[in-house]
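**Student:** Quick one, work.txt (compact mmCIF, N, CA and C atoms):
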# COMPACT_ATOMS: atom_id res chain seq x y z
N GLN A 1444 0.85 -1.19 0.00
CA GLN A 1444 0.00 0.00 0.00
C GLN A 1444 0.89 1.24 0.00
N VAL A 1445 0.46 2.26 -0.74
CA VAL A 1445 1.25 3.47 -0.81
C VAL A 1445 1.18 4.20 0.53
N GLN A 1446 2.27 4.80 0.93
CA GLN A 1446 2.31 5.64 2.11
C GLN A 1446 2.57 7.07 1.66
N LEU A 1447 1.92 8.01 2.34
CA LEU A 1447 1.98 9.42 1.94
C LEU A 1447 2.57 10.26 3.07
N VAL A 1448 3.44 11.19 2.69
CA VAL A 1448 4.04 12.09 3.67
C VAL A 1448 3.92 13.51 3.16
N GLU A 1449 3.20 14.36 3.93
CA GLU A 1449 3.05 15.77 3.56
C GLU A 1449 4.16 16.60 4.19
N SER A 1450 4.47 17.69 3.54
CA SER A 1450 5.42 18.66 4.09
C SER A 1450 5.12 20.03 3.48
N GLY A 1451 5.72 21.06 4.05
CA GLY A 1451 5.60 22.39 3.48
C GLY A 1451 4.66 23.33 4.21
N GLY A 1452 4.00 22.86 5.24
CA GLY A 1452 3.11 23.74 5.98
C GLY A 1452 3.90 24.79 6.76
N GLY A 1453 3.18 25.76 7.29
CA GLY A 1453 3.82 26.81 8.07
C GLY A 1453 2.87 27.94 8.34
N SER A 1454 3.43 29.06 8.78
CA SER A 1454 2.63 30.25 9.10
C SER A 1454 2.98 31.38 8.13
N VAL A 1455 1.96 32.00 7.58
CA VAL A 1455 2.16 33.11 6.66
C VAL A 1455 1.11 34.17 6.94
N GLN A 1456 1.36 35.36 6.43
CA GLN A 1456 0.36 36.42 6.52
C GLN A 1456 -0.60 36.33 5.34
N ALA A 1457 -1.76 36.89 5.54
CA ALA A 1457 -2.75 36.92 4.47
C ALA A 1457 -2.15 37.52 3.21
N GLY A 1458 -2.46 36.91 2.08
CA GLY A 1458 -1.89 37.33 0.82
C GLY A 1458 -0.63 36.58 0.42
N GLY A 1459 -0.07 35.84 1.37
CA GLY A 1459 1.15 35.11 1.11
C GLY A 1459 0.90 33.79 0.40
N SER A 1460 1.99 33.04 0.22
CA SER A 1460 1.94 31.77 -0.51
C SER A 1460 2.67 30.68 0.26
N LEU A 1461 2.24 29.47 0.02
CA LEU A 1461 2.92 28.26 0.51
C LEU A 1461 2.78 27.18 -0.54
N ARG A 1462 3.74 26.26 -0.55
CA ARG A 1462 3.62 25.09 -1.41
C ARG A 1462 3.73 23.84 -0.54
N LEU A 1463 2.70 23.04 -0.57
CA LEU A 1463 2.68 21.77 0.14
C LEU A 1463 3.13 20.66 -0.80
N SER A 1464 3.79 19.67 -0.21
CA SER A 1464 4.22 18.50 -0.98
C SER A 1464 3.62 17.25 -0.36
N CYS A 1465 3.31 16.29 -1.21
CA CYS A 1465 2.80 14.99 -0.78
C CYS A 1465 3.62 13.93 -1.52
N GLU A 1466 4.50 13.29 -0.80
CA GLU A 1466 5.37 12.29 -1.41
C GLU A 1466 4.82 10.91 -1.14
N ALA A 1467 4.69 10.13 -2.20
CA ALA A 1467 4.21 8.75 -2.09
C ALA A 1467 5.39 7.80 -2.11
N SER A 1468 5.30 6.76 -1.31
CA SER A 1468 6.42 5.84 -1.17
C SER A 1468 6.56 4.96 -2.40
N GLY A 1469 7.79 4.79 -2.81
CA GLY A 1469 8.23 3.79 -3.76
C GLY A 1469 7.40 3.57 -4.99
N ASP A 1470 7.38 2.32 -5.45
CA ASP A 1470 6.75 2.01 -6.72
C ASP A 1470 5.23 1.97 -6.62
N ALA A 1471 4.69 2.12 -5.41
CA ALA A 1471 3.23 2.12 -5.28
C ALA A 1471 2.61 3.34 -5.97
N TYR A 1472 3.40 4.39 -6.16
CA TYR A 1472 2.87 5.58 -6.83
C TYR A 1472 2.37 5.26 -8.22
N SER A 1473 3.01 4.32 -8.89
CA SER A 1473 2.62 3.99 -10.25
C SER A 1473 1.24 3.35 -10.30
N ARG A 1474 0.79 2.78 -9.18
CA ARG A 1474 -0.53 2.15 -9.12
C ARG A 1474 -1.59 3.11 -8.60
N THR A 1475 -1.18 4.30 -8.19
CA THR A 1475 -2.10 5.31 -7.71
C THR A 1475 -2.69 6.06 -8.90
N ARG A 1476 -3.99 6.31 -8.84
CA ARG A 1476 -4.64 7.04 -9.91
C ARG A 1476 -5.15 8.41 -9.47
N SER A 1477 -5.49 8.53 -8.21
CA SER A 1477 -6.04 9.77 -7.69
C SER A 1477 -5.27 10.19 -6.45
N ILE A 1478 -4.95 11.47 -6.40
CA ILE A 1478 -4.45 12.07 -5.16
C ILE A 1478 -5.22 13.36 -4.94
N ALA A 1479 -5.69 13.52 -3.73
CA ALA A 1479 -6.47 14.70 -3.38
C ALA A 1479 -5.89 15.36 -2.14
N TRP A 1480 -6.13 16.65 -2.06
CA TRP A 1480 -5.81 17.42 -0.86
C TRP A 1480 -7.11 17.76 -0.14
N PHE A 1481 -7.11 17.52 1.15
CA PHE A 1481 -8.21 17.89 2.02
C PHE A 1481 -7.67 18.82 3.11
N ARG A 1482 -8.57 19.48 3.80
CA ARG A 1482 -8.17 20.28 4.96
C ARG A 1482 -9.24 20.20 6.02
N GLN A 1483 -8.80 20.39 7.24
CA GLN A 1483 -9.72 20.36 8.36
C GLN A 1483 -9.34 21.46 9.35
N ALA A 1484 -10.26 22.39 9.53
CA ALA A 1484 -10.08 23.45 10.50
C ALA A 1484 -10.71 23.00 11.82
N PRO A 1485 -10.29 23.58 12.94
CA PRO A 1485 -10.85 23.19 14.23
C PRO A 1485 -12.36 23.34 14.25
N GLY A 1486 -13.04 22.27 14.69
CA GLY A 1486 -14.47 22.30 14.81
C GLY A 1486 -15.23 22.15 13.51
N LYS A 1487 -14.51 21.90 12.41
CA LYS A 1487 -15.17 21.79 11.12
C LYS A 1487 -14.93 20.41 10.49
N GLU A 1488 -15.78 20.08 9.52
CA GLU A 1488 -15.62 18.84 8.78
C GLU A 1488 -14.38 18.92 7.88
N ARG A 1489 -13.80 17.75 7.61
CA ARG A 1489 -12.72 17.70 6.63
C ARG A 1489 -13.31 17.91 5.25
N GLU A 1490 -12.72 18.82 4.49
CA GLU A 1490 -13.27 19.16 3.18
C GLU A 1490 -12.24 19.00 2.08
N GLY A 1491 -12.72 18.62 0.90
CA GLY A 1491 -11.84 18.49 -0.24
C GLY A 1491 -11.42 19.83 -0.77
N VAL A 1492 -10.16 19.96 -1.12
CA VAL A 1492 -9.59 21.22 -1.60
C VAL A 1492 -9.23 21.12 -3.08
N ALA A 1493 -8.51 20.04 -3.44
CA ALA A 1493 -8.05 19.89 -4.82
C ALA A 1493 -7.78 18.43 -5.10
N TYR A 1494 -7.82 18.10 -6.39
CA TYR A 1494 -7.68 16.70 -6.81
C TYR A 1494 -6.90 16.64 -8.11
N ILE A 1495 -6.12 15.56 -8.27
CA ILE A 1495 -5.46 15.32 -9.54
C ILE A 1495 -5.56 13.85 -9.91
N TYR A 1496 -5.94 13.61 -11.15
CA TYR A 1496 -5.93 12.25 -11.71
C TYR A 1496 -4.55 12.09 -12.32
N THR A 1497 -3.71 11.30 -11.70
CA THR A 1497 -2.29 11.32 -12.02
C THR A 1497 -1.93 10.85 -13.43
N PRO A 1498 -2.66 9.91 -14.03
CA PRO A 1498 -2.24 9.51 -15.39
C PRO A 1498 -2.39 10.61 -16.44
N TRP A 1499 -3.43 11.47 -16.27
CA TRP A 1499 -3.70 12.48 -17.28
C TRP A 1499 -3.45 13.91 -16.79
N GLY A 1500 -3.36 14.08 -15.48
CA GLY A 1500 -3.22 15.44 -14.96
C GLY A 1500 -4.51 16.20 -14.83
N THR A 1501 -5.64 15.52 -14.96
CA THR A 1501 -6.95 16.16 -14.77
C THR A 1501 -7.07 16.67 -13.34
N THR A 1502 -7.56 17.89 -13.17
CA THR A 1502 -7.65 18.48 -11.83
C THR A 1502 -9.05 19.01 -11.56
N TYR A 1503 -9.40 18.99 -10.28
CA TYR A 1503 -10.64 19.59 -9.79
C TYR A 1503 -10.30 20.41 -8.54
N TYR A 1504 -11.10 21.45 -8.30
CA TYR A 1504 -10.87 22.31 -7.15
C TYR A 1504 -12.19 22.65 -6.46
N ALA A 1505 -12.08 22.86 -5.16
CA ALA A 1505 -13.21 23.43 -4.43
C ALA A 1505 -13.41 24.88 -4.87
N ASP A 1506 -14.66 25.33 -4.85
CA ASP A 1506 -14.95 26.70 -5.26
C ASP A 1506 -14.18 27.72 -4.42
N SER A 1507 -13.97 27.39 -3.15
CA SER A 1507 -13.33 28.33 -2.24
C SER A 1507 -11.86 28.58 -2.56
N VAL A 1508 -11.24 27.71 -3.34
CA VAL A 1508 -9.81 27.87 -3.65
C VAL A 1508 -9.54 28.03 -5.14
N GLN A 1509 -10.59 27.89 -5.95
CA GLN A 1509 -10.42 27.99 -7.40
C GLN A 1509 -9.76 29.32 -7.76
N GLY A 1510 -8.72 29.25 -8.58
CA GLY A 1510 -8.01 30.44 -8.99
C GLY A 1510 -6.89 30.86 -8.06
N ARG A 1511 -6.85 30.29 -6.86
CA ARG A 1511 -5.78 30.61 -5.90
C ARG A 1511 -4.84 29.43 -5.67
N PHE A 1512 -5.37 28.22 -5.71
CA PHE A 1512 -4.58 27.02 -5.46
C PHE A 1512 -4.39 26.26 -6.77
N THR A 1513 -3.23 25.61 -6.88
CA THR A 1513 -2.94 24.79 -8.05
C THR A 1513 -2.33 23.48 -7.60
N VAL A 1514 -2.89 22.38 -8.09
CA VAL A 1514 -2.34 21.06 -7.79
C VAL A 1514 -1.56 20.58 -9.01
N SER A 1515 -0.40 19.99 -8.76
CA SER A 1515 0.45 19.50 -9.85
C SER A 1515 1.22 18.29 -9.35
N GLN A 1516 1.97 17.67 -10.26
CA GLN A 1516 2.71 16.48 -9.86
C GLN A 1516 4.07 16.44 -10.54
N ASN A 1517 4.97 15.74 -9.89
CA ASN A 1517 6.26 15.38 -10.48
C ASN A 1517 6.36 13.87 -10.33
N SER A 1518 6.02 13.15 -11.39
CA SER A 1518 5.98 11.69 -11.32
C SER A 1518 7.35 11.10 -11.03
N ALA A 1519 8.39 11.75 -11.52
CA ALA A 1519 9.75 11.24 -11.29
C ALA A 1519 10.10 11.25 -9.81
N LYS A 1520 9.46 12.15 -9.06
CA LYS A 1520 9.72 12.25 -7.63
C LYS A 1520 8.59 11.65 -6.80
N ASN A 1521 7.61 11.03 -7.47
CA ASN A 1521 6.46 10.45 -6.75
C ASN A 1521 5.80 11.48 -5.84
N THR A 1522 5.68 12.70 -6.33
CA THR A 1522 5.24 13.80 -5.47
C THR A 1522 4.15 14.61 -6.15
N VAL A 1523 3.14 14.96 -5.36
CA VAL A 1523 2.08 15.88 -5.77
C VAL A 1523 2.21 17.14 -4.93
N TYR A 1524 2.00 18.27 -5.57
CA TYR A 1524 2.16 19.56 -4.90
C TYR A 1524 0.83 20.30 -4.83
N LEU A 1525 0.71 21.16 -3.84
CA LEU A 1525 -0.41 22.09 -3.77
C LEU A 1525 0.19 23.48 -3.58
N GLN A 1526 0.17 24.26 -4.65
CA GLN A 1526 0.64 25.64 -4.58
C GLN A 1526 -0.52 26.51 -4.14
N MET A 1527 -0.33 27.22 -3.04
CA MET A 1527 -1.40 28.02 -2.45
C MET A 1527 -0.98 29.49 -2.48
N ASN A 1528 -1.68 30.28 -3.25
CA ASN A 1528 -1.41 31.71 -3.37
C ASN A 1528 -2.58 32.52 -2.81
N SER A 1529 -2.32 33.79 -2.56
CA SER A 1529 -3.36 34.69 -2.05
C SER A 1529 -4.07 34.08 -0.85
N LEU A 1530 -3.29 33.57 0.07
CA LEU A 1530 -3.87 32.88 1.22
C LEU A 1530 -4.69 33.82 2.09
N LYS A 1531 -5.75 33.25 2.66
CA LYS A 1531 -6.67 33.98 3.52
C LYS A 1531 -6.69 33.34 4.91
N PRO A 1532 -7.06 34.08 5.93
CA PRO A 1532 -7.16 33.47 7.27
C PRO A 1532 -8.07 32.24 7.29
N GLU A 1533 -9.09 32.24 6.48
CA GLU A 1533 -10.01 31.09 6.46
C GLU A 1533 -9.39 29.85 5.81
N ASP A 1534 -8.20 29.97 5.25
CA ASP A 1534 -7.48 28.79 4.74
C ASP A 1534 -6.72 28.07 5.85
N THR A 1535 -6.71 28.62 7.04
CA THR A 1535 -6.03 28.00 8.17
C THR A 1535 -6.66 26.65 8.49
N ALA A 1536 -5.83 25.61 8.49
CA ALA A 1536 -6.32 24.25 8.72
C ALA A 1536 -5.13 23.30 8.71
N VAL A 1537 -5.41 22.05 9.09
CA VAL A 1537 -4.46 20.97 8.83
C VAL A 1537 -4.79 20.42 7.44
N TYR A 1538 -3.78 20.35 6.61
CA TYR A 1538 -3.94 19.88 5.24
C TYR A 1538 -3.43 18.45 5.13
N TYR A 1539 -4.24 17.61 4.49
CA TYR A 1539 -3.93 16.20 4.31
C TYR A 1539 -3.93 15.86 2.81
N CYS A 1540 -3.06 14.95 2.41
CA CYS A 1540 -3.22 14.37 1.10
C CYS A 1540 -3.69 12.93 1.27
N ALA A 1541 -4.37 12.45 0.25
CA ALA A 1541 -4.95 11.11 0.29
C ALA A 1541 -4.91 10.53 -1.11
N ALA A 1542 -4.86 9.21 -1.20
CA ALA A 1542 -4.71 8.54 -2.48
C ALA A 1542 -5.79 7.51 -2.70
N ALA A 1543 -6.06 7.22 -3.97
CA ALA A 1543 -6.97 6.16 -4.36
C ALA A 1543 -6.44 5.48 -5.61
N ALA A 1544 -6.80 4.21 -5.77
CA ALA A 1544 -6.28 3.44 -6.89
C ALA A 1544 -7.14 3.55 -8.14
N VAL A 1545 -8.23 4.31 -8.05
CA VAL A 1545 -9.11 4.48 -9.20
C VAL A 1545 -9.36 5.97 -9.40
N ARG A 1546 -9.96 6.29 -10.54
CA ARG A 1546 -10.25 7.67 -10.87
C ARG A 1546 -11.54 8.13 -10.19
N ALA A 1547 -11.50 9.36 -9.68
CA ALA A 1547 -12.70 9.96 -9.11
C ALA A 1547 -13.37 10.85 -10.16
N GLY A 1548 -14.66 11.03 -10.04
CA GLY A 1548 -15.38 11.92 -10.92
C GLY A 1548 -15.55 13.30 -10.32
N ILE A 1549 -16.07 14.20 -11.12
CA ILE A 1549 -16.23 15.57 -10.65
C ILE A 1549 -17.19 15.65 -9.48
N ASP A 1550 -18.10 14.69 -9.37
CA ASP A 1550 -19.07 14.68 -8.27
C ASP A 1550 -18.62 13.87 -7.07
N SER A 1551 -17.49 13.17 -7.18
CA SER A 1551 -17.08 12.28 -6.09
C SER A 1551 -15.70 12.58 -5.52
N TRP A 1552 -14.94 13.43 -6.19
CA TRP A 1552 -13.55 13.58 -5.77
C TRP A 1552 -13.41 14.12 -4.36
N ALA A 1553 -14.36 14.88 -3.89
CA ALA A 1553 -14.26 15.51 -2.58
C ALA A 1553 -14.85 14.66 -1.46
N ASP A 1554 -15.25 13.44 -1.78
CA ASP A 1554 -15.80 12.54 -0.77
C ASP A 1554 -14.63 11.80 -0.11
N ARG A 1555 -14.40 12.08 1.15
CA ARG A 1555 -13.21 11.51 1.80
C ARG A 1555 -13.28 10.00 1.91
N ARG A 1556 -14.48 9.40 1.80
CA ARG A 1556 -14.60 7.95 1.88
C ARG A 1556 -13.97 7.25 0.68
N PHE A 1557 -13.69 8.00 -0.37
CA PHE A 1557 -13.12 7.44 -1.59
C PHE A 1557 -11.65 7.08 -1.42
N TYR A 1558 -11.01 7.66 -0.40
CA TYR A 1558 -9.55 7.62 -0.33
C TYR A 1558 -9.01 6.77 0.81
N ASN A 1559 -7.96 6.06 0.51
CA ASN A 1559 -7.17 5.34 1.51
C ASN A 1559 -5.92 4.89 0.81
N PRO A 1560 -4.75 5.29 1.28
CA PRO A 1560 -4.44 5.86 2.59
C PRO A 1560 -4.44 7.38 2.64
N TRP A 1561 -4.14 7.89 3.81
CA TRP A 1561 -4.01 9.31 4.08
C TRP A 1561 -2.64 9.60 4.67
N GLY A 1562 -2.18 10.82 4.44
CA GLY A 1562 -0.97 11.26 5.11
C GLY A 1562 -1.29 11.72 6.52
N GLN A 1563 -0.24 12.17 7.22
CA GLN A 1563 -0.39 12.54 8.62
C GLN A 1563 -0.86 13.98 8.81
N GLY A 1564 -0.80 14.77 7.76
CA GLY A 1564 -1.26 16.15 7.82
C GLY A 1564 -0.14 17.14 8.09
N THR A 1565 -0.34 18.36 7.61
CA THR A 1565 0.60 19.45 7.86
C THR A 1565 -0.20 20.73 8.13
N GLN A 1566 0.22 21.47 9.16
CA GLN A 1566 -0.52 22.64 9.59
C GLN A 1566 -0.21 23.85 8.72
N VAL A 1567 -1.27 24.54 8.31
CA VAL A 1567 -1.14 25.81 7.61
C VAL A 1567 -1.88 26.87 8.42
N THR A 1568 -1.19 27.93 8.78
CA THR A 1568 -1.79 29.01 9.56
C THR A 1568 -1.61 30.33 8.82
N VAL A 1569 -2.73 31.01 8.56
CA VAL A 1569 -2.69 32.28 7.85
C VAL A 1569 -3.20 33.37 8.79
N SER A 1570 -2.36 34.34 9.05
CA SER A 1570 -2.74 35.43 9.96
C SER A 1570 -3.16 36.66 9.17
N SER A 1571 -4.07 37.42 9.78
CA SER A 1571 -4.59 38.62 9.09
C SER A 1571 -3.73 39.84 9.37
Written as structure tokens, that's how I'd like the structure from this file.
**Tutor:**
Amino acid sequence: QVQLVESGGGSVQAGGSLRLSCEASGDAYSRTRSIAWFRQAPGKEREGVAYIYTPWGTTYYADSVQGRFTVSQNSAKNTVYLQMNSLKPEDTAVYYCAAAAVRAGIDSWADRRFYNPWGQGTQVTVSS
């Protein structure tokens, strides 16, 4: 089973940028078809942020981050990135990446039940 490790979180001021990384272990990445980024703020449900279908590079985004966040991949490094620009205080959360062995659709990619495994999460804090 693929194992995922997130990195790149931190604290920034509103308007700033961060890039998160999600590295998948070894050759299991080649069997992964979907990687998604989720986030969970204190007291809130975990929500889907962005998704990439790794064979084709197809991407989906939550409305709240569309135009500000970009998901991409470097297959040679078994890594998916989340570039976050124009950050807002409401983007403050623990960010998780998650993988699935099949493709998600536009109506299902944000359903956390679709994914296993998950990374351990990385904290992003945006101050006003």
**Student:** Within 6 Å of region 1522-1525 of chain A, counting only C-alpha atoms, which residues show up once you throw out same-chain ones fewer than 6 positions away? Write them as JSON, numbers by chain, please.
**Tutor:** {"A": [1462, 1463, 1464, 1465, 1466, 1513, 1514, 1515, 1516]}
**Student:** May I have the residues from that selection written out with N, CA and C atoms, as a compact mmCIF listing (two decimals), in the frame of the given file?
**Tutor:**
# COMPACT_ATOMS: atom_id res chain seq x y z
N ARG A 1462 3.74 26.26 -0.55
CA ARG A 1462 3.62 25.09 -1.41
C ARG A 1462 3.73 23.84 -0.54
N LEU A 1463 2.70 23.04 -0.57
CA LEU A 1463 2.68 21.77 0.14
C LEU A 1463 3.13 20.66 -0.80
N SER A 1464 3.79 19.67 -0.21
CA SER A 1464 4.22 18.50 -0.98
C SER A 1464 3.62 17.25 -0.36
N CYS A 1465 3.31 16.29 -1.21
CA CYS A 1465 2.80 14.99 -0.78
C CYS A 1465 3.62 13.93 -1.52
N GLU A 1466 4.50 13.29 -0.80
CA GLU A 1466 5.37 12.29 -1.41
C GLU A 1466 4.82 10.91 -1.14
N THR A 1513 -3.23 25.61 -6.88
CA THR A 1513 -2.94 24.79 -8.05
C THR A 1513 -2.33 23.48 -7.60
N VAL A 1514 -2.89 22.38 -8.09
CA VAL A 1514 -2.34 21.06 -7.79
C VAL A 1514 -1.56 20.58 -9.01
N SER A 1515 -0.40 19.99 -8.76
CA SER A 1515 0.45 19.50 -9.85
C SER A 1515 1.22 18.29 -9.35
N GLN A 1516 1.97 17.67 -10.26
CA GLN A 1516 2.71 16.48 -9.86
C GLN A 1516 4.07 16.44 -10.54
**Student:** Give me, as an NGL selection string, all polymer residues having an atom no more than 7 Å from region 1551-1565 of chain A, counting only N, CA and C atoms and skipping those fewer than 4 positions away in the same chain.
**Tutor:** :A and (1445-1453 or 1490-1492 or 1494 or 1536-1544 or 1547)
**Student:** Quick one: distance from CA of Ala1484 (chain A) to CA of Thr1535 (chain A) in Å, one decimal?
**Tutor:** 6.5 Å
**Student:** Can you list every residue in region 1461-1504 of chain A that DSSP puts in strand (DSSP E), as a PyMOL selection string?
**Tutor:** chain A and resi 1461-1467+1477-1483+1490-1496+1501-1504
**Student:** Determine, counting only C-alpha atoms, which protein, DNA and RNA residues have an atom within 8 Å of an atom of Thr1497 (chain A); residues of the same chain fewer than 5 positions away are not included. Present the result as a PyMOL selection string.
**Tutor:** chain A and resi 1475-1478+1516
**Student:** Rounded to one decimal, what separation in Å do you get between atom C of Phe1512 (chain A) and atom N of Met1527 (chain A)?
**Tutor:**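 Those two atoms sit 5.6 Å apart.
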**Student:** Please identify all polymer residues lying at most 8 Å from the point (-14.1, 20.8, -8.5) (file coordinates), using only C-alpha atoms, and present the result as an mmCIF file with N, CA and C atoms, in the coordinates of the input.
**Tutor:**
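part22.cif was written with the following content:
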data_model
loop_
_atom_site.group_PDB
_atom_site.id
_atom_site.type_symbol
_atom_site.label_atom_id
_atom_site.label_comp_id
_atom_site.auth_asym_id
_atom_site.auth_seq_id
_atom_site.Cartn_x
_atom_site.Cartn_y
_atom_site.Cartn_z
ATOM 1 N N ALA A 1493 -8.510 20.040 -3.440
ATOM 2 C CA ALA A 1493 -8.050 19.890 -4.820
ATOM 3 C C ALA A 1493 -7.780 18.430 -5.100
ATOM 4 N N TYR A 1494 -7.820 18.100 -6.390
ATOM 5 C CA TYR A 1494 -7.680 16.700 -6.810
ATOM 6 C C TYR A 1494 -6.900 16.640 -8.110
ATOM 7 N N THR A 1502 -7.560 17.890 -13.170
ATOM 8 C CA THR A 1502 -7.650 18.480 -11.830
ATOM 9 C C THR A 1502 -9.050 19.010 -11.560
ATOM 10 N N TYR A 1503 -9.400 18.990 -10.280
ATOM 11 C CA TYR A 1503 -10.640 19.590 -9.790
ATOM 12 C C TYR A 1503 -10.300 20.410 -8.540
ATOM 13 N N TYR A 1504 -11.100 21.450 -8.300
ATOM 14 C CA TYR A 1504 -10.870 22.310 -7.150
ATOM 15 C C TYR A 1504 -12.190 22.650 -6.460
ATOM 16 N N ALA A 1505 -12.080 22.860 -5.160
ATOM 17 C CA ALA A 1505 -13.210 23.430 -4.430
ATOM 18 C C ALA A 1505 -13.410 24.880 -4.870
ATOM 19 N N ASP A 1506 -14.660 25.330 -4.850
ATOM 20 C CA ASP A 1506 -14.950 26.700 -5.260
ATOM 21 C C ASP A 1506 -14.180 27.720 -4.420
ATOM 22 N N ILE A 1549 -16.070 14.200 -11.120
ATOM 23 C CA ILE A 1549 -16.230 15.570 -10.650
ATOM 24 C C ILE A 1549 -17.190 15.650 -9.480
ATOM 25 N N ASP A 1550 -18.100 14.690 -9.370
ATOM 26 C CA ASP A 1550 -19.070 14.680 -8.270
ATOM 27 C C ASP A 1550 -18.620 13.870 -7.070
ATOM 28 N N TRP A 1552 -14.940 13.430 -6.190
ATOM 29 C CA TRP A 1552 -13.550 13.580 -5.770
ATOM 30 C C TRP A 1552 -13.410 14.120 -4.360
ATOM 31 N N ALA A 1553 -14.360 14.880 -3.890
ATOM 32 C CA ALA A 1553 -14.260 15.510 -2.580
ATOM 33 C C ALA A 1553 -14.850 14.660 -1.460
#
**Student:** Hey, can you check how far CA of Arg1546 (chain A) sits from CA of Phe1481 (chain A)?
**Tutor:**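 Those two atoms sit 16.6 Å apart.
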**Student:** Give me every helix (DSSP H, G or I) residue in region 1446-1569 of chain A, going by DSSP on the backbone, as a list in words.
**Tutor:** Gly1469, Asp1470, Ala1471, Tyr1472, Ser1473, Arg1474, Ser1518, Ala1519, Lys1520, Pro1532, Glu1533, Asp1534, Arg1555, Arg1556 and Phe1557 of chain A
**Student:** Within 10 Å of Lys1520 (chain A), counting only C-alpha atoms, which residues show up once you throw out same-chain ones fewer than 6 positions away? Write them as a list of chain:residue names, please.
**Tutor:**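 The contact residues come out as A:Glu1466, A:Ala1467, A:Ser1468, A:Gly1469, A:Tyr1472.
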**Student:** Quick one: region 1565-1570 of chain A with all heavy atoms, as a PDB file, keeping the file's coordinate frame?
**Tutor:**
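The file below, result.pdb, is the result:
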ATOM      1  N   THR A1565      -0.340  18.360   7.610  1.00  0.00           N
ATOM      2  CA  THR A1565       0.600  19.450   7.860  1.00  0.00           C
ATOM      3  C   THR A1565      -0.200  20.730   8.130  1.00  0.00           C
ATOM      4  O   THR A1565      -1.180  21.012   7.440  1.00  0.00           O
ATOM      5  CB  THR A1565       1.574  19.630   6.669  1.00  0.00           C
ATOM      6  OG1 THR A1565       2.563  20.608   6.993  1.00  0.00           O
ATOM      7  CG2 THR A1565       0.863  20.045   5.396  1.00  0.00           C
ATOM      8  N   GLN A1566       0.220  21.470   9.160  1.00  0.00           N
ATOM      9  CA  GLN A1566      -0.520  22.640   9.590  1.00  0.00           C
ATOM     10  C   GLN A1566      -0.210  23.850   8.720  1.00  0.00           C
ATOM     11  O   GLN A1566       0.952  24.157   8.454  1.00  0.00           O
ATOM     12  CB  GLN A1566      -0.180  22.974  11.051  1.00  0.00           C
ATOM     13  CG  GLN A1566      -0.839  24.231  11.596  1.00  0.00           C
ATOM     14  CD  GLN A1566      -2.329  24.072  11.800  1.00  0.00           C
ATOM     15  OE1 GLN A1566      -2.787  23.079  12.368  1.00  0.00           O
ATOM     16  NE2 GLN A1566      -3.103  25.068  11.366  1.00  0.00           N
ATOM     17  N   VAL A1567      -1.270  24.540   8.310  1.00  0.00           N
ATOM     18  CA  VAL A1567      -1.140  25.810   7.610  1.00  0.00           C
ATOM     19  C   VAL A1567      -1.880  26.870   8.420  1.00  0.00           C
ATOM     20  O   VAL A1567      -3.060  26.689   8.736  1.00  0.00           O
ATOM     21  CB  VAL A1567      -1.723  25.739   6.190  1.00  0.00           C
ATOM     22  CG1 VAL A1567      -1.791  27.131   5.556  1.00  0.00           C
ATOM     23  CG2 VAL A1567      -0.897  24.796   5.326  1.00  0.00           C
ATOM     24  N   THR A1568      -1.190  27.930   8.780  1.00  0.00           N
ATOM     25  CA  THR A1568      -1.790  29.010   9.560  1.00  0.00           C
ATOM     26  C   THR A1568      -1.610  30.330   8.820  1.00  0.00           C
ATOM     27  O   THR A1568      -0.488  30.690   8.467  1.00  0.00           O
ATOM     28  CB  THR A1568      -1.154  29.113  10.953  1.00  0.00           C
ATOM     29  OG1 THR A1568      -1.289  27.858  11.625  1.00  0.00           O
ATOM     30  CG2 THR A1568      -1.820  30.212  11.779  1.00  0.00           C
ATOM     31  N   VAL A1569      -2.730  31.010   8.560  1.00  0.00           N
ATOM     32  CA  VAL A1569      -2.690  32.280   7.850  1.00  0.00           C
ATOM     33  C   VAL A1569      -3.200  33.370   8.790  1.00  0.00           C
ATOM     34  O   VAL A1569      -4.337  33.307   9.257  1.00  0.00           O
ATOM     35  CB  VAL A1569      -3.552  32.246   6.578  1.00  0.00           C
ATOM     36  CG1 VAL A1569      -3.403  33.548   5.800  1.00  0.00           C
ATOM     37  CG2 VAL A1569      -3.168  31.052   5.708  1.00  0.00           C
ATOM     38  N   SER A1570      -2.360  34.340   9.050  1.00  0.00           N
ATOM     39  CA  SER A1570      -2.740  35.430   9.960  1.00  0.00           C
ATOM     40  C   SER A1570      -3.160  36.660   9.170  1.00  0.00           C
ATOM     41  O   SER A1570      -2.670  36.922   8.076  1.00  0.00           O
ATOM     42  CB  SER A1570      -1.576  35.759  10.888  1.00  0.00           C
ATOM     43  OG  SER A1570      -0.440  36.124  10.129  1.00  0.00           O
TER      44      SER A1570
END
